[in-house]
file input_35.cif (mmCIF, C-alpha atoms)
data_data
loop_
_atom_site.label_atom_id
_atom_site.label_comp_id
_atom_site.auth_asym_id
_atom_site.auth_seq_id
_atom_site.Cartn_x
_atom_site.Cartn_y
_atom_site.Cartn_z
CA MET D 1 -14.12 138.09 -244.25
CA ARG D 2 -12.36 138.17 -247.61
CA ILE D 3 -10.74 140.92 -249.63
CA ILE D 4 -11.08 140.98 -253.43
CA ARG D 5 -9.93 143.23 -256.26
CA TYR D 6 -11.76 143.80 -259.49
CA GLN D 7 -11.59 145.95 -262.58
CA GLU D 8 -14.42 148.27 -263.51
CA ASP D 9 -13.92 150.23 -266.71
CA SER D 10 -10.26 151.25 -266.42
CA LEU D 11 -10.16 151.34 -262.61
CA PHE D 12 -8.91 148.73 -260.14
CA LYS D 13 -11.11 148.55 -257.04
CA LEU D 14 -10.85 146.87 -253.65
CA ALA D 15 -13.82 145.35 -251.85
CA ALA D 16 -14.76 143.23 -248.85
CA LEU D 17 -16.64 139.99 -249.46
CA THR D 18 -18.61 138.66 -246.49
CA ASP D 19 -19.44 135.02 -245.82
CA ALA D 20 -22.98 135.89 -246.93
CA GLU D 21 -21.45 136.80 -250.33
CA GLU D 22 -22.28 140.51 -249.90
CA ILE D 23 -19.78 142.94 -251.45
CA PHE D 24 -18.77 146.25 -249.85
CA SER D 25 -16.57 148.87 -251.49
CA LEU D 26 -13.32 149.83 -249.77
CA GLU D 27 -11.63 153.18 -250.28
CA ASP D 28 -8.08 151.84 -250.26
CA SER D 29 -6.59 151.12 -253.65
CA ASP D 30 -4.94 147.81 -252.74
CA PHE D 31 -4.63 145.29 -249.93
CA ILE D 32 -1.37 146.60 -248.47
CA SER D 33 -2.77 150.14 -248.41
CA LEU D 34 -5.71 148.75 -246.42
CA VAL D 35 -3.31 147.09 -243.97
CA GLN D 36 -1.32 150.30 -243.55
CA SER D 37 -4.48 152.37 -243.13
CA ALA D 38 -5.71 150.07 -240.37
CA ALA D 39 -2.33 150.32 -238.62
CA LEU D 40 -2.53 154.13 -238.69
CA ASP D 41 -5.97 153.89 -237.09
CA GLY D 42 -4.56 151.61 -234.41
CA ILE D 43 -6.93 148.75 -235.24
CA SER D 44 -6.75 145.40 -236.99
CA VAL D 45 -7.60 145.04 -240.66
CA LEU D 46 -10.61 142.95 -239.70
CA GLU D 47 -11.92 145.64 -237.34
CA LYS D 48 -11.46 148.33 -239.99
CA VAL D 49 -13.32 146.28 -242.59
CA LYS D 50 -16.10 145.44 -240.13
CA ARG D 51 -16.64 149.16 -239.40
CA ILE D 52 -16.93 149.87 -243.11
CA VAL D 53 -19.36 146.99 -243.63
CA ASP D 54 -21.51 148.08 -240.66
CA SER D 55 -21.72 151.69 -241.87
CA SER D 56 -22.33 151.21 -245.59
CA GLN D 57 -24.58 149.44 -248.06
CA ALA D 58 -23.62 146.39 -250.04
CA LEU D 59 -23.11 146.74 -253.77
CA ASN D 60 -26.02 145.64 -255.89
CA LYS D 61 -23.82 143.04 -257.56
CA GLU D 62 -22.91 139.40 -257.17
CA ILE D 63 -19.36 138.09 -257.18
CA HIS D 64 -19.74 136.38 -260.58
CA GLN D 65 -20.63 139.76 -262.11
CA LEU D 66 -17.26 141.27 -261.21
CA ASP D 67 -14.13 141.15 -263.36
CA LEU D 68 -11.88 139.79 -260.64
CA ILE D 69 -8.11 140.29 -260.79
CA VAL D 70 -5.27 139.19 -258.51
CA PRO D 71 -6.22 140.11 -254.93
CA LEU D 72 -2.85 141.82 -254.53
CA GLU D 73 0.16 142.62 -256.72
CA ALA D 74 2.59 140.38 -254.84
CA PRO D 75 6.13 141.72 -255.32
CA GLU D 76 7.45 138.19 -254.84
CA ILE D 77 5.85 134.78 -254.62
CA TRP D 78 7.93 132.08 -252.97
CA ALA D 79 7.06 128.42 -252.62
CA ALA D 80 7.86 125.55 -250.30
CA GLY D 81 8.42 122.07 -251.68
CA VAL D 82 8.04 118.53 -250.33
CA THR D 83 5.99 119.63 -247.34
CA TYR D 84 3.43 116.83 -247.75
CA MET D 85 4.05 113.09 -247.97
CA ARG D 86 2.16 113.01 -251.29
CA SER D 87 4.53 115.59 -252.72
CA LYS D 88 7.57 113.59 -251.63
CA GLU D 89 6.17 110.48 -253.30
CA ALA D 90 5.43 112.37 -256.52
CA ARG D 91 8.91 113.89 -256.67
CA ASN D 92 10.44 110.45 -256.23
CA ASP D 93 8.23 109.12 -259.04
CA GLU D 94 9.50 111.85 -261.34
CA ALA D 95 13.11 111.03 -260.58
CA ALA D 96 12.57 107.26 -260.57
CA ASN D 97 15.42 105.24 -261.94
CA GLU D 98 16.22 101.61 -261.56
CA ASN D 99 19.76 102.36 -260.36
CA ARG D 100 18.59 104.46 -257.41
CA VAL D 101 19.93 103.23 -254.08
CA GLY D 102 19.13 104.72 -250.68
CA PRO D 103 17.20 107.90 -249.84
CA THR D 104 16.72 110.59 -252.50
CA TYR D 105 17.12 114.34 -252.17
CA TYR D 106 13.36 114.48 -251.69
CA ASP D 107 13.41 111.90 -248.89
CA LYS D 108 16.15 113.88 -247.17
CA VAL D 109 14.52 117.31 -247.44
CA TYR D 110 11.20 115.94 -246.19
CA ASP D 111 12.91 114.93 -242.94
CA ALA D 112 15.48 117.74 -242.73
CA ASP D 113 15.29 120.74 -240.41
CA ARG D 114 15.72 123.12 -243.37
CA PRO D 115 12.74 123.16 -245.76
CA GLU D 116 12.93 123.50 -249.53
CA LEU D 117 12.13 127.10 -250.49
CA PHE D 118 12.37 128.63 -253.93
CA MET D 119 11.37 131.76 -255.80
CA LYS D 120 8.22 131.06 -257.80
CA SER D 121 6.95 134.26 -259.37
CA THR D 122 6.82 138.04 -259.52
CA ALA D 123 3.86 140.33 -260.14
CA ALA D 124 4.57 140.46 -263.88
CA ARG D 125 4.51 136.65 -264.16
CA THR D 126 1.42 136.03 -262.04
CA ALA D 127 -2.07 135.32 -263.38
CA GLY D 128 -5.30 136.11 -261.58
CA PRO D 129 -8.70 134.42 -261.29
CA GLY D 130 -10.36 133.62 -264.59
CA SER D 131 -7.24 134.34 -266.62
CA GLU D 132 -4.84 132.07 -268.50
CA VAL D 133 -1.88 130.10 -267.22
CA CYS D 134 0.80 129.07 -269.70
CA LEU D 135 2.14 125.65 -270.64
CA ARG D 136 5.89 125.62 -271.13
CA SER D 137 6.87 124.78 -274.72
CA ASP D 138 9.76 122.44 -273.84
CA SER D 139 7.91 120.19 -271.39
CA SER D 140 5.64 117.22 -272.05
CA TRP D 141 4.54 116.55 -268.45
CA GLN D 142 2.94 119.56 -266.76
CA VAL D 143 0.51 119.77 -263.86
CA PRO D 144 -1.11 122.35 -261.60
CA GLU D 145 -0.13 122.26 -257.93
CA PRO D 146 -2.95 123.52 -255.66
CA GLU D 147 -1.53 125.26 -252.59
CA LEU D 148 -2.53 127.40 -249.65
CA GLY D 149 -0.75 130.76 -249.89
CA LEU D 150 0.31 132.90 -246.93
CA VAL D 151 0.11 136.66 -247.48
CA LEU D 152 2.90 138.22 -245.42
CA ASP D 153 4.01 141.66 -244.33
CA ARG D 154 7.64 142.76 -244.16
CA ASN D 155 7.97 141.35 -240.64
CA GLY D 156 6.77 137.89 -241.66
CA SER D 157 3.34 138.21 -240.00
CA ILE D 158 0.57 136.32 -241.76
CA LEU D 159 -2.02 138.86 -242.90
CA GLY D 160 -4.24 136.43 -244.74
CA TYR D 161 -4.58 133.32 -246.86
CA THR D 162 -5.11 132.89 -250.58
CA ILE D 163 -5.14 130.09 -253.15
CA GLY D 164 -2.08 129.46 -255.31
CA ASN D 165 -1.53 127.37 -258.44
CA ASP D 166 2.15 126.46 -258.67
CA MET D 167 2.33 125.23 -262.27
CA SER D 168 5.11 122.67 -262.59
CA CYS D 169 6.99 120.69 -265.25
CA ARG D 170 7.44 117.26 -263.74
CA ASP D 171 9.69 115.97 -266.51
CA ILE D 172 12.15 118.89 -266.29
CA GLU D 173 12.52 118.69 -262.50
CA GLY D 174 12.67 114.88 -262.65
CA GLU D 175 15.52 114.94 -265.14
CA ASN D 176 17.76 116.94 -262.81
CA PRO D 177 16.92 118.80 -259.56
CA LEU D 178 19.24 121.61 -260.71
CA TYR D 179 16.65 122.37 -263.37
CA LEU D 180 14.13 123.38 -260.68
CA PRO D 181 13.96 127.10 -261.69
CA GLN D 182 13.13 126.12 -265.28
CA ALA D 183 10.56 123.59 -264.05
CA LYS D 184 8.85 126.28 -261.98
CA ILE D 185 9.34 129.77 -263.41
CA TRP D 186 8.12 131.06 -266.76
CA ARG D 187 5.47 133.44 -268.04
CA GLN D 188 2.13 133.01 -266.25
CA SER D 189 3.32 129.86 -264.47
CA CYS D 190 1.63 130.93 -261.24
CA SER D 191 -1.84 132.15 -260.34
CA ILE D 192 -3.31 133.41 -257.08
CA GLY D 193 -6.79 134.40 -255.92
CA PRO D 194 -9.67 134.84 -256.06
CA ALA D 195 -9.55 136.45 -252.61
CA ILE D 196 -7.51 136.97 -249.46
CA ARG D 197 -9.12 135.50 -246.38
CA LEU D 198 -8.13 137.66 -243.41
CA ALA D 199 -6.02 135.62 -240.99
CA ASP D 200 -8.12 136.67 -237.98
CA THR D 201 -11.14 134.93 -239.51
CA VAL D 202 -9.52 131.52 -239.99
CA GLU D 203 -10.11 129.36 -236.94
CA ASP D 204 -7.71 126.56 -237.90
CA PRO D 205 -5.53 126.92 -241.00
CA TYR D 206 -4.40 123.30 -240.51
CA ASN D 207 -7.91 122.04 -241.22
CA LEU D 208 -8.74 123.45 -244.63
CA GLN D 209 -10.08 121.33 -247.44
CA ILE D 210 -8.25 121.69 -250.77
CA SER D 211 -9.83 120.40 -253.98
CA CYS D 212 -8.61 120.38 -257.56
CA ARG D 213 -10.74 119.67 -260.61
CA ILE D 214 -9.57 119.71 -264.21
CA TYR D 215 -11.99 119.79 -267.15
CA ARG D 216 -11.11 118.89 -270.72
CA GLY D 217 -13.67 119.47 -273.45
CA GLY D 218 -16.33 119.92 -270.77
CA LYS D 219 -15.54 116.56 -269.16
CA LYS D 220 -14.03 116.30 -265.68
CA VAL D 221 -10.74 114.37 -265.99
CA VAL D 222 -9.23 115.05 -262.55
CA ASP D 223 -11.01 115.38 -259.20
CA GLU D 224 -8.74 115.24 -256.14
CA THR D 225 -9.17 116.40 -252.54
CA ALA D 226 -6.83 116.74 -249.55
CA ASN D 227 -6.52 118.68 -246.30
CA THR D 228 -3.93 121.09 -244.89
CA GLY D 229 -3.86 118.88 -241.81
CA GLN D 230 -1.57 116.61 -243.85
CA LEU D 231 1.09 119.36 -243.93
CA LYS D 232 4.25 118.21 -242.13
CA ARG D 233 5.71 121.66 -241.43
CA ARG D 234 4.17 124.59 -239.55
CA PHE D 235 3.67 127.95 -241.25
CA GLY D 236 5.85 129.75 -238.71
CA GLU D 237 8.70 127.39 -239.49
CA LEU D 238 8.46 128.05 -243.25
CA VAL D 239 8.21 131.84 -242.78
CA ALA D 240 11.18 131.87 -240.38
CA TYR D 241 13.42 130.18 -242.93
CA LEU D 242 12.19 132.47 -245.70
CA ALA D 243 12.96 135.55 -243.59
CA LYS D 244 16.37 134.33 -242.41
CA ASP D 245 18.99 136.86 -243.67
CA ASN D 246 16.45 137.82 -246.35
CA ILE D 247 14.24 140.78 -247.21
CA LEU D 248 10.48 140.36 -247.06
CA PHE D 249 8.29 142.90 -248.80
CA ASP D 250 4.79 143.83 -247.71
CA GLY D 251 2.53 141.55 -249.73
CA THR D 252 5.01 138.73 -250.25
CA VAL D 253 3.16 135.44 -250.80
CA LEU D 254 4.52 132.09 -249.62
CA LEU D 255 2.92 129.01 -251.14
CA THR D 256 3.06 126.17 -248.62
CA GLY D 257 3.37 123.13 -250.88
CA THR D 258 0.99 120.76 -252.57
CA CYS D 259 -0.81 117.68 -251.30
CA ILE D 260 -2.62 117.03 -254.58
CA VAL D 261 -0.87 115.54 -257.60
CA PRO D 262 -2.84 114.36 -260.67
CA PRO D 263 -2.58 110.61 -261.09
CA GLY D 264 -0.04 108.76 -263.23
CA GLN D 265 1.33 110.45 -266.31
CA PHE D 266 -1.50 112.99 -266.57
CA THR D 267 -0.39 116.20 -268.24
CA LEU D 268 -2.23 119.44 -268.91
CA GLU D 269 -3.27 120.25 -272.46
CA PRO D 270 -4.22 123.58 -274.05
CA GLY D 271 -7.83 124.43 -273.23
CA ASP D 272 -7.94 122.55 -269.92
CA ARG D 273 -9.83 124.40 -267.20
CA ILE D 274 -8.32 124.18 -263.70
CA GLU D 275 -10.45 124.80 -260.62
CA ILE D 276 -8.90 124.93 -257.14
CA ASP D 277 -11.05 125.30 -254.00
CA ILE D 278 -9.91 125.99 -250.46
CA THR D 279 -12.31 126.22 -247.53
CA GLY D 280 -13.48 129.77 -246.90
CA ILE D 281 -11.41 131.37 -249.67
CA GLY D 282 -13.27 130.44 -252.84
CA THR D 283 -12.46 128.90 -256.20
CA LEU D 284 -9.46 129.85 -258.31
CA THR D 285 -10.19 129.10 -261.98
CA ASN D 286 -7.69 129.30 -264.84
CA THR D 287 -7.43 128.00 -268.39
CA ALA D 288 -4.21 126.46 -269.71
CA VAL D 289 -2.85 127.85 -272.99
CA PRO D 290 0.43 127.42 -274.89
CA ALA D 291 3.18 129.79 -273.78
#

call {"tool": "encode", "arguments": {"input": "input_35.cif", "output": "structure tokens"}}
result
Amino acid sequence: MRIIRYQEDSLFKLAALTDAEEIFSLEDSDFISLVQSAALDGISVLEKVKRIVDSSQALNKEIHQLDLIVPLEAPEIWAAGVTYMRSKEARNDEAANENRVGPTYYDKVYDADRPELFMKSTAARTAGPGSEVCLRSDSSWQVPEPELGLVLDRNGSILGYTIGNDMSCRDIEGENPLYLPQAKIWRQSCSIGPAIRLADTVEDPYNLQISCRIYRGGKKVVDETANTGQLKRRFGELVAYLAKDNILFDGTVLLTGTCIVPPGQFTLEPGDRIEIDITGIGTLTNTAVPA
């Protein structure tokens, strides 16, 4: 069971999307309101949605006919780095220098107890499905980073899963790790969607297929696939460090790191279409434009 949001005329609406691709209207105005409503009823979000689905008729519409928007207005989006071996290798490639001796910062954080966590985005900076993501004007090596996102409540419980695109400037981060915020955060440098898969309906979140395709001028130029089973760290571990002496807001999203990196010196160009799939969630599609 997935939760989606869409715009109809000037209204934002919430709906349930079944695995049979049927769409059912929900009365709550947003995902967190749905979670709170279920809690007041003393039932799980999944049970509440199931009762609505069983007692109502599906909309006479298909998902592609809806003007989808971000599935929730996440007050904060955080991200974890170097959680996959492929990510560690890519970060070392960015920082490669013939004078390097011994393990890098990326080697060390991959094996350390403490994970890399950083602020990625806020609601005002976040793009939704079908919308545009921006290319930073002072970078010449930019890539999407397909990631599984955890949708959290204020206590750090995982409410659901979504798809995240952690847009990154590989040249800026590679020049100096202290430039990480500039390599990660700018206008529309993050997108999430197209849905939230309720956590209770995911049998094994460590066995989800992630795919990334990039099209340029109608031609597919990148096609990469990986699996969340390659993730070194557990979700509970990442959430625990994020919550340590910190404030979590209902609807905080934590991106869990990327295991897909476009090959070589590939960089996004204006007009490129990015498609990210994750098992059971859907396809997050965005177009790259100049910032």

call {"tool": "resolve_selection", "arguments": {"input": "input_35.cif", "expression": "the PyMOL selection byres ((chain D and resi 72) around 7)", "output": "PyMOL selection string"}}
result
chain D and resi 30-31+70-71+73-74

call {"tool": "write_last_selection", "arguments": {"input": "input_35.cif", "atoms": "C-alpha atoms", "output": "CSV table (one decimal), keeping the file's coordinate frame"}}
result
chain,number,residue,atom,x,y,z
D,30,ASP,CA,-4.9,147.8,-252.7
D,31,PHE,CA,-4.6,145.3,-249.9
D,70,VAL,CA,-5.3,139.2,-258.5
D,71,PRO,CA,-6.2,140.1,-254.9
D,73,GLU,CA,0.2,142.6,-256.7
D,74,ALA,CA,2.6,140.4,-254.8

call {"tool": "closest_atom_pairs", "arguments": {"input": "input_35.cif", "of": "range 157-257 of chain D", "to": "range 43-59 of chain D", "cutoff": "10 Å", "atoms": "all atoms listed in the file", "output": "CSV"}}
result
residue,atom,partner,partner_atom,distance
D:Leu159,CA,D:Val45,CA,8.6
D:Leu198,CA,D:Leu46,CA,6.9
D:Ala199,CA,D:Leu46,CA,8.7
D:Asp200,CA,D:Leu46,CA,7.0
D:Thr201,CA,D:Leu46,CA,8.0

call {"tool": "axis_aligned_box", "arguments": {"input": "input_35.cif", "around": "range 40-53 of chain D", "padding_each_side": "3 Å", "output": "JSON"}}
result
{"center_x": -10.9, "center_y": 148.5, "center_z": -239.0, "size_x": 22.8, "size_y": 17.2, "size_z": 15.2}

call {"tool": "closest_residue", "arguments": {"input": "input_35.cif", "among": "D:Ile278, D:Leu68, D:Ile23, D:Val253", "to": "Ala123 in chain D", "atoms": "all atoms listed in the file"}}
result
D:Val253

call {"tool": "resolve_selection", "arguments": {"input": "input_35.cif", "expression": "the PyMOL selection byres ((chain D and resi 179-181) around 12)", "output": "list in words"}}
result
Trp78, Ala79, Gly81, Arg91, Glu116, Leu117, Phe118, Met119, Lys120, Ser121, Met167, Ser168, Cys169, Arg170, Asp171, Ile172, Glu173, Gly174, Glu175, Asn176, Pro177, Leu178, Gln182, Ala183, Lys184, Ile185, Trp186 and Ser189 of chain D
